Amino acid sequence: MTAQVTRHNGTPTLILEDKPSFDGLMWGSAPEPDNYILKECARYYGEAGIHLFTFDIGTQGSPPEWRGPRQDQEGSYDFSAFKVRLQHVIDADPEARFHLRVHLEMPA
């Protein structure tokens, strides 16, 4: 997927996949691993042509929703638990795109 902000008809415009896009988004609570209370709302947004969703990540769960290299764990990042949460939104809107607010330095 390509994304950029550029001038279009004299106005800064979000361009997704080489097409001008409405930069409206659904800003709500993040899906839980076993539930997404905003699933119906997300479906309505998708039906209205708004496919951008934003929420905080990196703040839920113990252990955190993704695991990565640190002193007690070597290797690459594991996003499998987080993937389950994103799938709830994709189930509501198959065209969903995400603007994630990532918290990287949360205490362990």
# chains A, B, ... in the order shown; residues from 1 in each chain; ligands from 1
$ residues_around --residues "stretch 26-36 of chain A" --least-positions-apart "6" --cutoff "8 Å" --atoms "only C-alpha atoms" --output "PyMOL selection string"
chain A and resi 42+45+50+52-57+81-82+84-86+88-89
$ select_by_dssp --residues "chain A" --states "strand (DSSP E)" --output "MDAnalysis selection string"
chainID A and resid 3:8 11:16 19:21 26:27 52:57 97:102
$ select_by_dssp --residues "chain A" --states "helix (DSSP H, G or I)" --output "number ranges by chain"
A: 39-47, 80-92
$ atom_distance --atom1 "atom CA of A:Thr2" --atom2 "atom CA of A:Ile15"
8.0 Å
$ atom_distance --atom1 "atom CA of A:Leu100" --atom2 "atom CA of A:Leu25"
11.5 Å
$ residues_around --residues "A:Ile90" --least-positions-apart "6" --cutoff "10 Å" --atoms "only C-alpha atoms" --output "list of chain:residue names"
A:Lys39, A:Ala42, A:Arg43, A:Gly46, A:His51, A:Ala96, A:Arg97, A:Phe98
$ write_last_selection --atoms "N, CA and C atoms" --output "mmCIF file, in the first residue's frame"
data_model
loop_
_atom_site.group_PDB
_atom_site.id
_atom_site.type_symbol
_atom_site.label_atom_id
_atom_site.label_comp_id
_atom_site.auth_asym_id
_atom_site.auth_seq_id
_atom_site.Cartn_x
_atom_site.Cartn_y
_atom_site.Cartn_z
ATOM 1 N N LYS A 39 -17.410 -3.075 16.995
ATOM 2 C CA LYS A 39 -17.442 -3.779 15.716
ATOM 3 C C LYS A 39 -18.580 -3.297 14.808
ATOM 4 N N ALA A 42 -17.719 0.115 13.526
ATOM 5 C CA ALA A 42 -16.691 0.010 12.495
ATOM 6 C C ALA A 42 -17.297 -0.431 11.167
ATOM 7 N N ARG A 43 -18.264 -1.329 11.234
ATOM 8 C CA ARG A 43 -18.946 -1.766 10.011
ATOM 9 C C ARG A 43 -19.683 -0.609 9.361
ATOM 10 N N GLY A 46 -17.215 1.670 7.615
ATOM 11 C CA GLY A 46 -16.807 1.064 6.350
ATOM 12 C C GLY A 46 -17.877 1.208 5.282
ATOM 13 N N HIS A 51 -12.565 4.073 5.846
ATOM 14 C CA HIS A 51 -11.866 2.814 6.095
ATOM 15 C C HIS A 51 -10.610 2.994 6.942
ATOM 16 N N ALA A 96 -10.348 -2.081 5.804
ATOM 17 C CA ALA A 96 -9.770 -1.316 6.911
ATOM 18 C C ALA A 96 -8.289 -1.035 6.702
ATOM 19 N N ARG A 97 -7.903 0.181 7.048
ATOM 20 C CA ARG A 97 -6.514 0.627 7.096
ATOM 21 C C ARG A 97 -6.314 1.227 8.478
ATOM 22 N N PHE A 98 -5.088 1.185 8.980
ATOM 23 C CA PHE A 98 -4.849 1.577 10.363
ATOM 24 C C PHE A 98 -3.842 2.707 10.485
#
$ atom_distance --atom1 "atom CA of A:Ala48" --atom2 "atom CA of A:Val5"
22.1 Å
